[in-house]
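See structure below.
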Amino acid sequence: GSGSTSTKPSATAAAQQGGTLRVGISAPTSPIDPVTAGNQGSIAMFLPIGEYLLQAKPDLSIEPALAESWSPNDDGSVWTVKLRKGVTFQDGSPMTAKDVAATFDRLADPNGGSIALSVFKGILNKGGTTATDDQTVTFQLEAPVGNFPYLISSDNYSAVILPADYNGEYEKSGFPGTGRWKMDSYDANRGATFVRNEKYWDSSSMAPLDSIQFSFFADEQPALLALQGGQIDVVNQISVQNARAVLDNPAYNIISTPSAAARVLHLRTDEGPWKDKRVRQAFALSVDRSSIVEGLMLGRADLGNDSPFAPIFPSTDTSVPQRAKDLAQAKQLLSDAGVGGGFKTTLNVINQLEIPSYAVLIQNGAKEVGINLDVILQDPGTYYGSAQFGSSPWLDSTAGITDYGHRSVPNVYLTAQLASQGVWNSAHIKDPKLDGLISDYIAAVEPATQTKTAGAIQTLLLEETPLIYSYFFNFLAVSTDKVVGIVPNASGQLFLSLAALTA
Amino acid sequence: MSTLEQDAVPTLAVRDLDVAYTVKGRQRTVLRGLSFDIAAGQTYGLVGESGCGKSTAAMAIVRHLAANARVRNGAIRLNDVDVLGMNREQLRRMRALDVSMVYQEPGRALNPSMPIADQLGEVFVLAGRSREQARADSRTILTRVQISSPDRVLDAYPHQLSGGMQQRVVIAMALATNPSLLILDEPTTALDATVGAEVLDIVAGLSRELGTSVLLIAHNLALVRQMCDRVGVLYAGVLVDEGPAQQVFEDPRHPYTAGLLQCIPGPQHQKHTARLVAIPGALPAPDDPAVGCLYSPRCALADDHCRTEEPPAFDLGGRHSRCFHHERAGEVGEPDEQSAGTPPPVVDYDAEPVMVLDHASKTYGRGEHAFHALNDVSLSLWRGETLGVVGESGSGKTTLAHLAMGLAPPDPGANLTVDGQRVRHSRGQRDLAEARAIQIVFQNPDAALNRRHAVRRIIGRSIAKLAGLRGAALRERLGQLGRDFKLGPQHMAMRPLRLSGGLKQRVAIARAFAGEPTVVLCDEPTSALDVSVQASILNLLVDLQVNQGVAYLFVSHDLAVVQYMSDRIVVMYLGQVMEVGPAARVVDGPHHPYTEVLLSAVPTMDGRPAQRVHLRGDPPDSRHPPTGCPFQNRCPRKIGAICEEELPALRVLDEGHSVRCHLPEGELPRAGAAAPARPQVAPPRSARLAKQER
Amino acid sequence: MARFLLTRLGLALITLFLLSVLVFAAAEIFPGDVASKILGPTADARAIAALNTELGLDTPALSRYLHFIGGFFRGDLGVSYTYRTPVGPLLLDAILNSLKLAAVALLIVVPLAIGGGIVAALRQGTLVDRTITSLGLAAMVVPEFVSGIVVLLVFAVWLNVLPVTATAPPGSGLLTQVKYLILPTIPLVFVLFGYIARVTRAGAVEVLGSDYVRTATLKGLPRRTVIRRHVLRNALPPTVTVVATQIGYLFGGLVVIEILFNYRGIGLLIFNAARGKDFPLLESCVLVIGILYLTVTLLADLAYSLLNPRIRLGSTT
Amino acid sequence: MSAPAHPAPMPVTAASSGGRSLLRSLVRSPAVVVGSLVVAFWVFCAVAGELIAPRDPFTVEPIAGLLPPSGDHLFGTDSLGRDVFSRVLLGARDILTVAPLATLLGVVAGTALGLLMGYRRGLVDAVTGRLVDAVLALPTVVVALMALTAFGPSNQTVILVIGFVFSPYVARTVRTAVLAERELEYVQAARVRGEGSLYIMFVEILPNVAPLVLVEASVRLGYAIFAVATLSFIGFGIQPPSPDWGLSIFESYGLINGGFWWPTLFPAMAIASLVISVNLVADGISEALER
Ligand SMILES: Nc1ncnc2c1ncn2[C@@H]1O[C@H](COP(=O)(O)OP(=O)(O)OP(=O)(O)O)[C@@H](O)[C@H]1O
Ligand SMILES: Nc1ncnc2c1ncn2[C@@H]1O[C@H](COP(=O)(O)OP(=O)(O)OP(=O)(O)O)[C@@H](O)[C@H]1O
Ligand SMILES: [Mg+2]
Ligand SMILES: [Mg+2]
């Protein structure tokens with residue numbers, strides 16, 4: 001596609017100028033540094049300050065932001081991005097292609113502790129980004145990638161454009177960025193305050209609010225209570241279970257964004273009770289997805305079809321039949337596999353949010369077909385362990401439920417979860433055919449081709465069932481009905497740059 | 001009861017007082033129709049076995065009965081005011097002004113976390129004095145109870161004072177507001193004889209001076225005899241014998257009184273010559289339905305009449321008795337089974353001693369804290385002999401016993417042999433033979449018997465450990481011990497708590513004899529017991545000595561008992577042996593001045609007020625003993641410098657009798673020199689003592 | 001006295017040493033890898049390795065321990081792995097918060113519980129007694145997060161009279177801070193009341209039965225005076241020591257409360273440090289708590305001996 | 001000259017009457033009777049809850065989540081549509097295994113320690129005392145995490161953690177009592193007989209401090225139940241789908257402010273009823289022992 005002009009505030013008539021927005025958010029668990037930070041709290045600290053080349057909308061369409069336009073070469077292995085003119089950092093210095101190149105080199109640097117390394121792995125290396133002139137940047141990819149724009153968009157939250165001379169000391173170097181908001185005060189223990197950047201490069205769309213106040217919470221529950229107690233206006237992110245208290249309360253807006261985030265249940269395909277794919281299929285057939293979506297997620301989730309292809313992905317092939325609960329067939333498959341009498345095995349579960357409950361539902365379903373699951377809850381630390389094969393329940397357990405965040409393209413999931421060499425391949429699936437399909441999909445530039453390959457992958461995964469995706473949940477945020485102009489994205493971030501308060 | 005009415009209004013008048021405690025829903029009557037008067041300035045004694053209701057009576061008078069107690073009926077009038085009818089405030093005023101009370105443990109009666117000045121001052125402040133005045137008044141009252149350094153005491157905390165001091169403070173507190181009635185509940189039981197005697201002298205003096213009426217509760221008859229104008233003998237909550245002290249004691253009109261009198265070993269009684277007479281049986285349980293005379297089960301004179309009908313209070317002119325046979329009460333002969341025991345044989349001092357302890361010293365603590373609980377004590381014990389050890393609290397008696405027992409290691413240089421065999425000092429190292437040879441009977445059976453183990457287990461375990469018996473043999477021996485010590489199967493099954501004091505001590509003794517020891521150390525085996533029970537225990541010990549030829553080291557600070565039991569006596573003071581010798585010699589003298597003091601502190605059964613030999617100065621601080629003779633700073637017969645300079649040697653007077661004193665033999669005190677001559681045997685009593693020809 | 005303090009100091013040092021070793025062992029066996037905890041499990045292996053080197057986690061454990069301890073005694077608490085900032089300020093802030101909370105809680109619960117205990121003792125066996133003890137027990141076992149939620153809803157959400165979060169806005173005066181701390185202390189009061197009251201009651205019952213209280217009563221002192229002058233003082237020592245032993249809980253054990261009331265205390269800090277395997281932070285927290293705890297118990301012992309002349313002056317009889 | 005480490009919640013009781021009369025006096029106290037009935041009820045539920053539970057406490061019915069109390073769901077349903085009433089009944093099982101076992105562990109270990117410290121005094125006392133202090137100063141969270149990592153999440157771990165954390169408290173209490181007991185003459189009598197330290201500690205002294213231990217245990221049991229719940233709260237406790245009370249409270253306390261009080265209230269009441277009853281019984285026993 002090609003660029004248009006920047007986003008205008010989606011403010012309604014009632015929206016007023018000025019005022020302070022108070023936001024409750026989970027406390028940062030790492031220093032504020034776009035390069036290394038990976039948790040909600042830390043990310044939210046640079047979102048108002050920084051800006052991206054491209055902005056991904058909740059519907060996963062892409063808009064230009066700091067970039068004016070972008071275009072691939074014919075096989076999609078080289079991408080050229082033209083930058084907007086007149087963009088300046090908050091200290092007044094102009095933003096040039098050098099800064100952009102430096103930013104992506106930093107993210108691709110294997111020794112910088114960059115959180116984005118996993119995103120760019122095998123796609124973009126250090127040195128792959130070059131500034132051809134002040135306004136033009138070219139990305140030389142390792143392999144053709146059709147969805148590359150997403151990786152340099154706001155969906156790759158690390159990709160805020162930073163000055164070329166940024167040295168990793170985000171706080172010390174005064175929270176640099178090009179955005180509408182300046183960091184006013186930051187206390188890792190309590191919260192942060194942002195004030196309007198009066199010198200914002202686009203004076204035609206300044207931030208309506210005077211300031212934004214973040215308070216850090218250790219848990220959703222107190223945050224929600226603070227909201228109900230009128231001490232904050234927005235709860236940045238909340239699980240549907242906790243939101244239940246305000247779900248049908250007109251005094252609050254539920255900001256609900258469909259995403260590709262899922263609780264993925266992996267089954268070891270190389271050994272153990274799940275080696276036989278019929279057993280895996282049977283298990284998948286025992287899951288009552290619709291009642292999970294309705295009962296557990298109160299309808300705020302999309303059905304999953306045992307593949308990372310979430311309904312929201314444009315490329316997802318919707319013609320692939322949806323798998324549903326079918327005990328008869330499940331039992332049949334089990335007896336075919338010679339375990340008609342049922343069996344007992346363990347299920348490692350990460351102890352977060354609604355996942356334990358989800359595990360209980362799975363457990364109940366499985367029992368109906370004679371599979372007795374012994375659920376082992378583990379706190380994230382234990383569950384992920386060293387995150388290396390051989391020393392991590394996440395990657396080694398015969399079956400486990402893991403929490404995977406949203407990505408605006410399934411690429412990372414395909415390469416990391418399902419490719420033979422994938423670093424998160426906890427199902428240990430090694431299938432050349434699948435590997436081939438994956439690289440085809442990634443290389444495909446044309447939407448039609450993408451959908452076709454996606455369909456093939458989805459069908460293959462239904463057959464093999466290395467992973468059970470029973471639902472993709474919606475990210476929820478709650479605000480009082482006084483707040484307007486919050487733009488959520490599907491990875492659960494809230495863009496507050498243009499938020500405003502109504503009278 | 002016309003005679004009880006007196007022309008003058010009595011200070012205290014108690015009428016038909018019934019008090020009952022509710023225990024687990026059941027009512028136990030502990031006072032039955034108690035009636036007596038205390039005239040102004042009169043001292044009234046209330047005696048009786050433990051548990052007969054003495055304290056209850058006292059508490060009823062000040063209306064401070066336990067929560068579960070109820071006054072069923074009766075009246076108490078103090079200065080003609082009805083006590084039971086008073087409201088809170090009146091009661092408070094009465095307690096503040098008209099009556100005060102002193103009881104057994106002075107240490108516990110004082111608030112441990114408050115300086116004496118505040119506790120004493122309180123009383124005066126309550127009476128409306130200012131703080132300053134209060135302190136001044138406190139000083140004066142303290143001097144009146146003969147405390148030499150009132151200011152030191154005022155600024156001290158209770159635990160910094162000796163027992164005697166504490167009790168003086170309590171008495172000072174009681175007399176501070178010059179009450180019309182002073183109640184003393186066993187004021188000296190917890191104190192040393194010497195100290196106790198002094199304290200009572202003070203009370204007697206002051207009450208006479210202030211005209212205070214006194215109610216003295218005690219089970220030491222002699223003491224009551226000495227102090228009181230009138231006595232009441234309480235039995236199971238009933239006042240069985242009541243009248244002028246002299247009459248009651250010299251001509252008892254109730255078998256119980258007579259019995260009590262017989263229990264006490266008099267100065268002239270000795271186990272070889274006279275056998276003690278215990279009252280058979282024990283107090284009826286407070287809740288058993290009593291028909292007839294409550295004493296009848298234990299009474300030699302009892303007949304069907306006694307067992308069916310409750311005797312009224314017979315008026316005998318100025319005194320009364322609740323016995324149908326009051327005129328025959330005096331004739332109570334001792335029950336037959338008592339005469340059984342044969343007297344112990346004379347000790348053969350030519351034989352080798354069974355136990356020899358040489359140069360035993362014990363130092364507690366180290367450095368500047370070190371002090372010598374025992375100083376180079378040497379003594380021998382012959383087969384079948386009883387060696388009495390006397391001396392006031394802290395003199396090292398128990399330490400001595402513990403050393404011999406191996407419970408505390410002696411300082412180096414000590415040497416202990418039993419039957420000529422050297423015995424190791426630590427109990428841990430002793431082999432079975434050594435262990436069973438020496439055994440001990442502790443002072444307080446309540447503490448000495450594990451309250452969670454049944455008697456069978458307590459004794460059985462000792463048999464197993466000391467006699468090394470198992471199974472049938474053990475059960476056999478257990479039964480035998482049971483018979484020897486009159487412990488029935490029902491007792492065997494019980495836990496100590498449910499046993500009477502006497503039975504408890506029997507169990508303790510039985511345990512000591514489980515392994516047929518050669519030497520038994522008795523550390524105050526009867527001081528926790530009633531006289532009646534004490535008698536039977538002493539008899540038991542004597543019998544055991546007769547049958548098994550066991551030797552006793554008999555520790556006690558009751559001289560009368562020691563005198564009765566012992567062949568020889570050791571007198572200790574601050575860890576030093578002051579005198580050792582044949583019982584008679586030590587008692588008659590010439591003896592050590594300290595021995596003289598001890599003897600003079602023993603109250604006598606004849607009415608005459610004791611001419612007590614008073615100690616100088618304060619009780620000794622065992623941590624800092626004086627130089628030279630340890631006794632010099634208190635000695636009434638101190639010669640002079642020499643006493644302060646050198647420790648006198650243990651000088652042999654004649655065979656087996658040595659005294660540690662600088663005084664030349666001629667000047668050593670003798671019985672009767674200062675103290676009154678050894679009392680004559682009171683006629684009614686001697687008749688009833690079993691004579692035994694030798 | 002001096003000797004007493006010195007020996008206590010020595011013992012305290014030993015305790016602290018044992019403590020530090022315990023915690024070190026703990027931090028070592030805690031699951032997972034520091035860097036991958038910080039960067040998240042989905043981070044690239046190379047990034048994780050890089051970070052571990054940066055944090056000096058590739059050096060042997062023992063040397064890390066010694067280095068830390070060395071620093072600790074020089075007052076340098078090292079740098080937190082997760083926050084990448086010096087531990088000192090983090091810790092100080094948290095400790096102060098915890099101290100405030102504990103102080104307020106104690107200020108409320110101690111008088112309350114002592115009063116309750118004494119009353120129960122005076123009315124021994126009556127309905128009042130049973131009620132106080134039973135209520136104490138009931139309150140004691142209601143989990144903090146339940147009582148916490150309830151008081152939050154009632155006072156902060158429905159009645160809206162008190163703030164939801166416990167953290168007062170920076171620079172607010174003492175009274176405001178206390179106002180913010182009232183809600184979170186209520187659950188603590190619930191937890192502690194029962195136990196303290198129980199101990200006080202036991203102590204008082206014992207004293208009430210003592211001879212010297214009888215003496216005081218028979219002196220004709222008014223009941224109030226007896227209780228004030230003779231009962232209280234002798235009944236309190238056990239309570240003092242019990243309160244002291246609760247300090248450990250009040251400083252280290254308030255994770256739940258701190259989460260619920262979004263209060264940045266040391267409990268939460270420890271919790272996160274432990275989960276983040278943040279050794280310098282964890283070790284510092286625990287040691288500081290240890291020091292606090294030992295100091296408080298020492299103070300308690302001193303208070304105890306102040307109330308007990310027998311201990312204070314030693315026996316001279 | 002140090003204060004008693006951890007004074008007894010109640011004075012050591014002096015003596016005991018025989019077993020039968022003990023029973024009799026117990027039966028006479030209404031508090032004890034009520035208490036034992038309640039405890040008995042919960043024990044029965046723990047053993048045979050299925051018999052009286054109207055529904056299977058484990059079958060979920062997500063669509064029927066959070067139904068308020070009604071005819072066919074006496075206590076309503078929880079967020080997964082499980083019958084709260086049935087869950088409360090069967091919830092007794094885990095708590096009645098974990099909490100008592102944890103308490104037992106703590107009390108046994110603590111008592112042994114206390115006996116040792118009190119009887120042996122001297123060096124043993126000093127050294128053990130330091131360890132005890134160290135553990136007392138060690139935040140439970142850390143202990144919990146250690147154990148969790150070492151043994152993985154399970155009831156056994158919970159038992160271990162709580163037992164470990166409790167033992168020092170018990171130890172201190174017992175120690176103070178033993179210091180007093182050991183001065184009594186029956187201990188010397190035992191030594192005179194030639195008994196070994198172990199025998200004296202456990203056969204002679206232990207029975208005499210038993211009432212105190214009992215009272216301590218009852219208080220601890222209360223805290224144990226509390227602690228189990230709290231461990232669940234930070235995810236270290238009893239594991240789902242157990243109907244354990246503490247866990248249920250933890251799973252649903254967040255719903256209170258949505259007006260869904262029933263999944264929290266009923267388990268909470270169950271906990272309270274159990275602990276109070278336990279304490280009533282314990283108090284009764286120790287009172288009876290005092291007589
Ligand atoms: N609070 C109480 N509850 C129940 N029974 C009691 C209570 N106090 C005393 N008794 C019983 O009442 C009887 C009399 O007790 P009291 O203390 O008056 O006897 P005493 O003559 O003072 O004994 P002692 O000489 O040992 O002091 C005893 O059997 C005792 O067990
Ligand atoms: N374990 C000990 N440590 C320090 N001093 C002790 C110890 N045991 C006894 N003493 C001291 O030793 C001295 C002698 O004590 P001991 O008990 O032998 O005296 P006693 O004659 O038995 O006194 P009583 O008549 O009161 O029993 C006392 O001053 C006592 O305080
Ligand atoms: Mg008495
Ligand atoms: Mg003694």
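Residue numbering restarts at 1 in every chain; chains get A, B, ... in the order shown in the structure tokens, and ligands count up from 1 in that same order.
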Legend entry - Residues within 9 Å of Ile95 in chain D, only C-alpha atoms, excluding chain neighbours under 6 positions, as number ranges by chain: D: 46, 225, 228, 238, 244-246, 271
Contacts between chain C and chain B, please, where a residue of chain B counts if it comes within 6 Å (with only C-alpha atoms); show its shortest atom pair and distance in Å to one decimal, rows by chain and ascending number, as a tab-separated table.
residue	atom	partner	partner_atom	distance
B:Arg92	CA	C:Gly220	CA	4.6
B:Arg95	CA	C:Gly220	CA	4.8
B:Ala96	CA	C:Gly220	CA	4.1
B:Arg108	CA	C:Asp211	CA	5.5
B:Ala109	CA	C:Tyr212	CA	4.2
B:Leu110	CA	C:Tyr212	CA	5.0
B:Asn111	CA	C:Tyr212	CA	5.3
B:Ser113	CA	C:Pro309	CA	5.7
B:Gln160	CA	C:Thr316	CA	5.1
B:Leu161	CA	C:Thr317	CA	5.8
B:Ser162	CA	C:Thr317	CA	5.6
Write out as a tab-separated table (two decimals) with C-alpha atoms, in the first residue's frame each polymer residue whose atoms come within 9 Å of Leu137 in chain C, counting only C-alpha atoms; drop sequence neighbours fewer than 6 positions from it.
chain	number	residue	atom	x	y	z
C	190	PHE	CA	-7.87	-9.16	62.66
C	191	VAL	CA	-4.93	-11.51	62.37
C	193	PHE	CA	-5.84	-9.46	67.87
C	194	GLY	CA	-6.79	-13.04	68.69
C	195	TYR	CA	-3.31	-14.18	69.54
D	219	VAL	CA	-3.58	-21.98	68.05
D	222	GLY	CA	-5.76	-21.97	63.27
D	272	ALA	CA	-13.91	-20.18	60.76
D	275	VAL	CA	-10.89	-23.44	63.65
D	276	ILE	CA	-13.11	-22.07	66.37
D	279	ASN	CA	-9.95	-24.26	69.72
Legend entry - Selection within 7 Å of ligand 1 by only C-alpha atoms and all ligand atoms, output as a list in words: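 Listing the residues within 7 Å of ligand 1 gives Tyr21, Thr22, Val23, Val30, Gly48, Glu49, Ser50, Gly51, Cys52, Gly53, Lys54, Ser55, Thr56, Ala57, Ala66, Asn68, Ala69, His219 and Pro286 of chain B.
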Inset, instruction - Could you report the residues within 9 Å of ligand 2, using only C-alpha atoms and all ligand atoms, as a PyMOL selection string? - result: (chain B and resi 191-192+362-365+370-374+390-402+408+443+523-524+555-557+572-575+621-623) or (chain C and resi 317)
Inset, instruction - May I have the residues of chain B within 7 Å of chain D, counting only C-alpha atoms, written as a list of chain:residue names? - result: B:Arg427, B:Gly428, B:Ala447, B:Ala448, B:Leu449, B:Asn450, B:Arg451, B:Arg452, B:Ser462, B:Lys465, B:Leu466, B:Leu497
At most 6 Å to chain D: residues in chain C, only C-alpha atoms, as a PDB file with all heavy atoms, in the first residue's frame:
ATOM      1  N   THR C  15      23.359 -15.339  63.978  1.00  0.00           N
ATOM      2  CA  THR C  15      22.053 -15.528  63.352  1.00  0.00           C
ATOM      3  C   THR C  15      22.045 -14.953  61.945  1.00  0.00           C
ATOM      4  O   THR C  15      21.667 -15.613  60.983  1.00  0.00           O
ATOM      5  CB  THR C  15      20.974 -14.819  64.183  1.00  0.00           C
ATOM      6  OG1 THR C  15      21.106 -15.239  65.537  1.00  0.00           O
ATOM      7  CG2 THR C  15      19.597 -15.142  63.665  1.00  0.00           C
ATOM      8  N   LEU C  19      21.365 -16.754  58.433  1.00  0.00           N
ATOM      9  CA  LEU C  19      20.289 -16.253  57.583  1.00  0.00           C
ATOM     10  C   LEU C  19      20.813 -16.033  56.166  1.00  0.00           C
ATOM     11  O   LEU C  19      20.267 -16.537  55.185  1.00  0.00           O
ATOM     12  CB  LEU C  19      19.782 -14.939  58.173  1.00  0.00           C
ATOM     13  CG  LEU C  19      18.390 -14.493  57.738  1.00  0.00           C
ATOM     14  CD1 LEU C  19      17.385 -15.592  57.998  1.00  0.00           C
ATOM     15  CD2 LEU C  19      17.989 -13.243  58.502  1.00  0.00           C
ATOM     16  N   ALA C  26      18.828 -20.468  48.969  1.00  0.00           N
ATOM     17  CA  ALA C  26      17.504 -20.311  48.367  1.00  0.00           C
ATOM     18  C   ALA C  26      17.633 -19.714  46.973  1.00  0.00           C
ATOM     19  O   ALA C  26      17.250 -20.322  45.983  1.00  0.00           O
ATOM     20  CB  ALA C  26      16.656 -19.408  49.246  1.00  0.00           C
ATOM     21  N   ALA C 138     -11.919 -16.306  65.441  1.00  0.00           N
ATOM     22  CA  ALA C 138     -12.592 -16.200  64.142  1.00  0.00           C
ATOM     23  C   ALA C 138     -11.843 -15.212  63.259  1.00  0.00           C
ATOM     24  O   ALA C 138     -11.443 -15.525  62.150  1.00  0.00           O
ATOM     25  CB  ALA C 138     -14.024 -15.737  64.344  1.00  0.00           C
ATOM     26  N   VAL C 141      -8.511 -16.300  61.683  1.00  0.00           N
ATOM     27  CA  VAL C 141      -8.371 -17.282  60.607  1.00  0.00           C
ATOM     28  C   VAL C 141      -8.982 -16.829  59.298  1.00  0.00           C
ATOM     29  O   VAL C 141      -8.889 -17.522  58.307  1.00  0.00           O
ATOM     30  CB  VAL C 141      -9.029 -18.613  61.007  1.00  0.00           C
ATOM     31  CG1 VAL C 141      -8.377 -19.139  62.252  1.00  0.00           C
ATOM     32  CG2 VAL C 141     -10.508 -18.430  61.192  1.00  0.00           C
ATOM     33  N   PRO C 143      -8.656 -15.301  56.057  1.00  0.00           N
ATOM     34  CA  PRO C 143      -7.468 -14.916  55.294  1.00  0.00           C
ATOM     35  C   PRO C 143      -7.444 -13.416  55.045  1.00  0.00           C
ATOM     36  O   PRO C 143      -8.479 -12.788  54.837  1.00  0.00           O
ATOM     37  CB  PRO C 143      -7.638 -15.674  53.975  1.00  0.00           C
ATOM     38  CG  PRO C 143      -8.484 -16.843  54.323  1.00  0.00           C
ATOM     39  CD  PRO C 143      -9.397 -16.379  55.416  1.00  0.00           C
ATOM     40  N   VAL C 199      -2.811 -14.285  74.727  1.00  0.00           N
ATOM     41  CA  VAL C 199      -1.640 -14.332  75.616  1.00  0.00           C
ATOM     42  C   VAL C 199      -1.849 -13.405  76.807  1.00  0.00           C
ATOM     43  O   VAL C 199      -1.623 -13.784  77.962  1.00  0.00           O
ATOM     44  CB  VAL C 199      -0.372 -13.940  74.847  1.00  0.00           C
ATOM     45  CG1 VAL C 199       0.809 -13.892  75.777  1.00  0.00           C
ATOM     46  CG2 VAL C 199      -0.138 -14.912  73.727  1.00  0.00           C
ATOM     47  N   ALA C 202      -4.136 -14.981  79.241  1.00  0.00           N
ATOM     48  CA  ALA C 202      -3.476 -16.017  80.041  1.00  0.00           C
ATOM     49  C   ALA C 202      -2.637 -15.379  81.143  1.00  0.00           C
ATOM     50  O   ALA C 202      -2.765 -15.717  82.323  1.00  0.00           O
ATOM     51  CB  ALA C 202      -2.591 -16.870  79.143  1.00  0.00           C
ATOM     52  N   PRO C 238       4.689 -11.409  79.137  1.00  0.00           N
ATOM     53  CA  PRO C 238       4.507 -12.380  78.055  1.00  0.00           C
ATOM     54  C   PRO C 238       4.018 -11.697  76.775  1.00  0.00           C
ATOM     55  O   PRO C 238       4.531 -11.951  75.688  1.00  0.00           O
ATOM     56  CB  PRO C 238       3.430 -13.320  78.590  1.00  0.00           C
ATOM     57  CG  PRO C 238       3.393 -13.110  80.040  1.00  0.00           C
ATOM     58  CD  PRO C 238       3.863 -11.719  80.302  1.00  0.00           C
ATOM     59  N   GLY C 248       8.458 -10.271  62.813  1.00  0.00           N
ATOM     60  CA  GLY C 248       8.917 -10.945  61.603  1.00  0.00           C
ATOM     61  C   GLY C 248       7.804 -10.973  60.567  1.00  0.00           C
ATOM     62  O   GLY C 248       7.983 -10.569  59.423  1.00  0.00           O
ATOM     63  N   GLY C 252       8.023  -9.062  57.029  1.00  0.00           N
ATOM     64  CA  GLY C 252       8.272  -9.879  55.850  1.00  0.00           C
ATOM     65  C   GLY C 252       7.026 -10.518  55.272  1.00  0.00           C
ATOM     66  O   GLY C 252       7.002 -10.917  54.123  1.00  0.00           O
ATOM     67  N   GLY C 253       5.978 -10.626  56.081  1.00  0.00           N
ATOM     68  CA  GLY C 253       4.887 -11.520  55.715  1.00  0.00           C
ATOM     69  C   GLY C 253       3.658 -10.854  55.144  1.00  0.00           C
ATOM     70  O   GLY C 253       2.601 -11.450  55.067  1.00  0.00           O
ATOM     71  N   GLY C 290      16.037  -9.332  58.985  1.00  0.00           N
ATOM     72  CA  GLY C 290      16.668 -10.054  60.093  1.00  0.00           C
ATOM     73  C   GLY C 290      17.166  -9.079  61.146  1.00  0.00           C
ATOM     74  O   GLY C 290      16.863  -9.209  62.332  1.00  0.00           O
ATOM     75  N   ASP C 301      13.203  -7.993  74.899  1.00  0.00           N
ATOM     76  CA  ASP C 301      13.824  -8.598  76.085  1.00  0.00           C
ATOM     77  C   ASP C 301      14.172  -7.523  77.107  1.00  0.00           C
ATOM     78  O   ASP C 301      13.957  -7.697  78.309  1.00  0.00           O
ATOM     79  CB  ASP C 301      15.088  -9.363  75.681  1.00  0.00           C
ATOM     80  CG  ASP C 301      14.726 -10.643  74.953  1.00  0.00           C
ATOM     81  OD1 ASP C 301      13.501 -10.862  74.775  1.00  0.00           O
ATOM     82  OD2 ASP C 301      15.628 -11.388  74.557  1.00  0.00           O
TER      83      ASP C 301
END
Inset, instruction - For chain A, work out the contacting residues on chain C at 9 Å, counting only C-alpha atoms, and write them as a ChimeraX atom specification. - result: /C:30-51,81-85,90,93-94,149,152-153,156-158,160,163-165,167,258-264,268,272,275-277
Inset, instruction - Can you check which residues of range 138-295 of chain C DSSP gives as alpha helix (DSSP H) on the backbone and send them as number ranges by chain? - result: C: 138-141, 144-151, 174-208, 211-218, 223-225, 233-252, 255-260, 266-275, 279-295
Counting only C-alpha atoms, give me one row per residue of chain D with an atom at most 6 Å from an atom of chain A, showing the shortest contact pair and its distance in Å to one decimal, sorted by chain then residue number, as CSV.
residue,atom,partner,partner_atom,distance
D:Pro62,CA,A:Gly295,CA,4.1
D:Ile63,CA,A:Gly295,CA,4.5
D:Asn257,CA,A:Ala245,CA,5.9
D:Gly258,CA,A:Ala245,CA,3.6
